[in-house]
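**Q** What follows is data.tsv; its format and atoms are TSV, C-alpha atoms.
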```
chain	number	residue	atom	x	y	z
G	15	ILE	CA	6.18	1.67	-15.83
G	16	ASP	CA	5.69	5.28	-14.81
G	17	PHE	CA	7.50	5.38	-11.46
G	18	ASP	CA	6.79	9.10	-10.99
G	19	LEU	CA	3.05	8.45	-11.34
G	20	ILE	CA	3.25	5.49	-8.94
G	21	LEU	CA	5.02	7.58	-6.29
G	22	GLU	CA	2.64	10.51	-6.74
G	23	ASN	CA	-0.42	8.26	-6.45
G	24	ILE	CA	1.00	6.46	-3.40
G	25	LYS	CA	1.35	9.85	-1.67
G	26	ASP	CA	-2.25	10.68	-2.57
G	27	LEU	CA	-3.52	7.30	-1.37
G	28	ASN	CA	-1.56	7.65	1.89
G	29	SER	CA	-3.18	11.00	2.55
G	30	LEU	CA	-6.63	9.46	1.92
G	31	VAL	CA	-6.14	6.94	4.74
G	32	GLY	CA	-4.71	9.57	7.08
G	33	GLU	CA	-1.01	8.80	7.04
G	34	GLY	CA	0.51	9.80	10.37
G	35	ILE	CA	-2.89	10.34	12.02
G	36	SER	CA	-3.71	8.31	15.11
G	37	GLN	CA	-6.89	6.28	15.23
G	38	ILE	CA	-9.01	5.27	18.21
G	39	GLU	CA	-8.55	1.65	19.25
G	40	HIS	CA	-11.15	0.34	21.69
G	41	THR	CA	-9.81	-1.74	24.57
G	42	PRO	CA	-11.55	-3.65	27.38
G	43	ARG	CA	-10.80	-0.73	29.74
G	44	GLY	CA	-11.71	2.08	27.36
G	45	ALA	CA	-9.79	3.28	24.35
G	46	ARG	CA	-6.37	4.46	23.24
G	47	LEU	CA	-4.81	6.17	20.27
G	48	ARG	CA	-2.66	4.18	17.90
G	49	ARG	CA	-1.08	4.82	14.56
G	50	PRO	CA	-1.88	2.35	11.80
G	51	GLU	CA	1.03	0.16	10.74
G	52	PRO	CA	2.33	1.14	7.30
G	53	LEU	CA	2.70	-1.42	4.54
G	54	PRO	CA	5.99	-0.79	2.74
G	55	LEU	CA	6.17	-1.06	-1.03
G	56	THR	CA	9.74	-1.38	-2.32
G	57	LEU	CA	10.33	-0.69	-5.99
G	58	TYR	CA	13.33	-2.28	-7.68
G	59	ARG	CA	14.64	-2.06	-11.22
G	60	ASN	CA	13.13	-5.45	-12.06
G	61	GLY	CA	10.27	-5.92	-9.57
G	62	ILE	CA	8.61	-5.05	-6.27
G	63	VAL	CA	8.25	-6.28	-2.71
G	64	VAL	CA	5.03	-5.57	-0.80
G	65	GLY	CA	5.47	-5.63	2.98
G	66	ASN	CA	7.54	-8.63	4.04
G	67	GLY	CA	6.41	-10.60	1.01
G	68	ALA	CA	8.45	-12.26	-1.69
G	69	PHE	CA	10.09	-10.43	-4.56
G	70	ARG	CA	7.68	-10.09	-7.48
G	71	PRO	CA	9.04	-9.43	-10.97
G	72	TYR	CA	7.30	-6.78	-13.08
G	73	GLN	CA	6.38	-9.43	-15.68
G	74	HIS	CA	4.20	-11.34	-13.19
G	75	PRO	CA	0.47	-10.69	-13.81
G	76	SER	CA	-0.29	-9.97	-10.13
G	77	THR	CA	2.50	-7.39	-10.02
G	78	GLN	CA	1.20	-5.74	-13.17
G	79	GLN	CA	-2.32	-5.61	-11.69
G	80	CYS	CA	-1.04	-4.16	-8.41
G	81	LEU	CA	0.90	-1.39	-10.16
G	82	GLN	CA	-1.94	-0.70	-12.59
G	83	ASP	CA	-4.32	-0.22	-9.67
G	84	ILE	CA	-1.90	2.30	-8.14
G	85	MET	CA	-1.34	4.09	-11.45
G	86	ASP	CA	-5.13	4.33	-11.85
G	87	GLY	CA	-5.31	5.98	-8.41
G	88	TYR	CA	-6.74	3.02	-6.48
G	89	PHE	CA	-5.53	0.92	-3.59
G	90	PRO	CA	-4.28	-2.41	-4.96
G	91	SER	CA	-7.26	-4.77	-5.21
G	92	GLU	CA	-5.15	-7.60	-3.76
G	93	LEU	CA	-4.98	-5.68	-0.46
G	94	GLN	CA	-8.71	-4.97	-0.13
G	95	PRO	CA	-9.64	-8.17	1.77
G	96	ARG	CA	-6.92	-7.50	4.36
G	97	TYR	CA	-7.22	-3.69	4.43
G	98	PRO	CA	-10.81	-2.78	3.45
G	99	ASP	CA	-10.30	0.89	4.43
G	100	GLY	CA	-6.96	1.21	2.63
G	101	VAL	CA	-3.41	1.05	3.89
```
Rewrite the coordinates I just gave you, this time as structure tokens.
**A**
Amino acid sequence: IDFDLILENIKDLNSLVGEGISQIEHTPRGARLRRPEPLPLTLYRNGIVVGNGAFRPYQHPSTQQCLQDIMDGYFPSELQPRYPDGV
């Protein structure tokens, strides 16, 4: 696993979705600015944790797919239904 590539691509993906930039949220009385909630990805020696999810070992196929998506420069496909515009 190329951790340097993963970290570099995560920074690039974060900039694509406007990390730190407020977005307009429409409310019944108008609108307000809000910052999107980040989704933490914690890398360990033997696996990962996405958000508040369970620990996932590197050998697990879904973990391998998630990291491969990131290494290929894409948002993880498993997150697309929940975050269609990226996270």
**Q** For each of G:Val101, G:Val64, G:Cys80, G:Leu57, take the minimum atom-to-atom distance to G:Leu21, counting only C-alpha atoms, then give the residue where this is smallest.
**A**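 Under the stated criterion, the closest residue is G:Leu57.
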**Q** Skip stretch 27-38 of chain G itself and residues of its chain fewer than 6 positions away, then list as a list in words all residues within 10 Å of it, counting only C-alpha atoms.
**A**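 These residues fall inside the cut-off: Leu21, Ala45, Arg46, Leu47, Arg48, Arg49, Pro50, Glu51, Pro52, Ile84, Gly87, Tyr88, Phe89, Asp99, Gly100 and Val101 of chain G.
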**Q** Would you work out the distance separating atom CA of G:Tyr72 from atom CA of G:Asn60, expressed in Å to one decimal?
**A**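 Distance reported for this atom pair: 6.1 Å.
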**Q** Can you work out the spacing between atom CA of G:His40 and atom CA of G:Pro54 in Å, to one decimal?
**A**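 Taking atom CA of G:His40 and atom CA of G:Pro54, their separation equals 25.6 Å.
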**Q** Work out how far atom CA of G:Pro42 is from atom CA of G:Leu93, in Å to one decimal.
**A** 28.7 Å
**Q** Could you check the closest approach to G:Val63 for each of G:Gln94, G:Ser76, G:Gln82, G:Gly44 and tell me which residue wins, using only C-alpha atoms?
**A**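 Nearest to G:Val63: G:Ser76.
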**Q** Using only the atoms of stretch 39-57 of chain G listed in the file, plus 5 Å on each side, state the axis-aligned box centre and edge lengths in Å rounded to one decimal, as JSON.
**A**
```
{"center_x": -0.7, "center_y": 1.3, "center_z": 11.9, "size_x": 32.0, "size_y": 19.8, "size_z": 45.7}
```
**Q** Out of G:Asp26, G:Asp83, G:Leu55, G:Pro90, which residue has the shortest atom-to-atom distance to G:Gly67 when counting only C-alpha atoms?
**A**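 For G:Gly67, the nearest of the candidates is G:Leu55.
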**Q** For the structure just given, write the atoms of stretch 50-62 of chain G, namely N, CA, C and O atoms, as a compact mmCIF listing (two decimals), in the first residue's frame.
**A**
```
# COMPACT_ATOMS: atom_id res chain seq x y z
N PRO G 50 -19.50 21.71 5.15
CA PRO G 50 -19.80 20.26 5.09
C PRO G 50 -19.04 19.51 6.19
O PRO G 50 -17.92 19.87 6.54
N GLU G 51 -19.68 18.50 6.73
CA GLU G 51 -19.04 17.67 7.74
C GLU G 51 -17.98 16.78 7.09
O GLU G 51 -18.28 16.11 6.09
N PRO G 52 -16.77 16.77 7.62
CA PRO G 52 -15.75 15.88 7.04
C PRO G 52 -16.02 14.42 7.42
O PRO G 52 -16.72 14.14 8.40
N LEU G 53 -15.47 13.54 6.63
CA LEU G 53 -15.56 12.11 6.92
C LEU G 53 -14.13 11.62 7.16
O LEU G 53 -13.35 11.48 6.22
N PRO G 54 -13.78 11.40 8.42
CA PRO G 54 -12.40 10.99 8.72
C PRO G 54 -12.06 9.60 8.18
O PRO G 54 -12.90 8.70 8.17
N LEU G 55 -10.85 9.48 7.71
CA LEU G 55 -10.29 8.19 7.31
C LEU G 55 -9.03 8.01 8.13
O LEU G 55 -8.09 8.80 8.03
N THR G 56 -9.03 6.99 8.99
CA THR G 56 -7.88 6.72 9.85
C THR G 56 -7.13 5.52 9.32
O THR G 56 -7.72 4.45 9.13
N LEU G 57 -5.85 5.71 9.05
CA LEU G 57 -5.00 4.64 8.54
C LEU G 57 -4.19 4.05 9.68
O LEU G 57 -3.52 4.79 10.42
N TYR G 58 -4.24 2.75 9.82
CA TYR G 58 -3.46 2.03 10.82
C TYR G 58 -2.46 1.11 10.11
O TYR G 58 -2.55 0.92 8.90
N ARG G 59 -1.58 0.54 10.86
CA ARG G 59 -0.59 -0.37 10.31
C ARG G 59 -1.23 -1.58 9.64
O ARG G 59 -0.74 -2.07 8.64
N ASN G 60 -2.39 -2.00 10.18
CA ASN G 60 -3.00 -3.23 9.68
C ASN G 60 -4.44 -3.05 9.17
O ASN G 60 -5.14 -4.02 8.93
N GLY G 61 -4.89 -1.78 8.99
CA GLY G 61 -6.24 -1.58 8.50
C GLY G 61 -6.66 -0.11 8.55
O GLY G 61 -5.83 0.77 8.79
N ILE G 62 -7.95 0.12 8.30
CA ILE G 62 -8.48 1.48 8.27
C ILE G 62 -9.78 1.56 9.04
O ILE G 62 -10.43 0.54 9.32
```
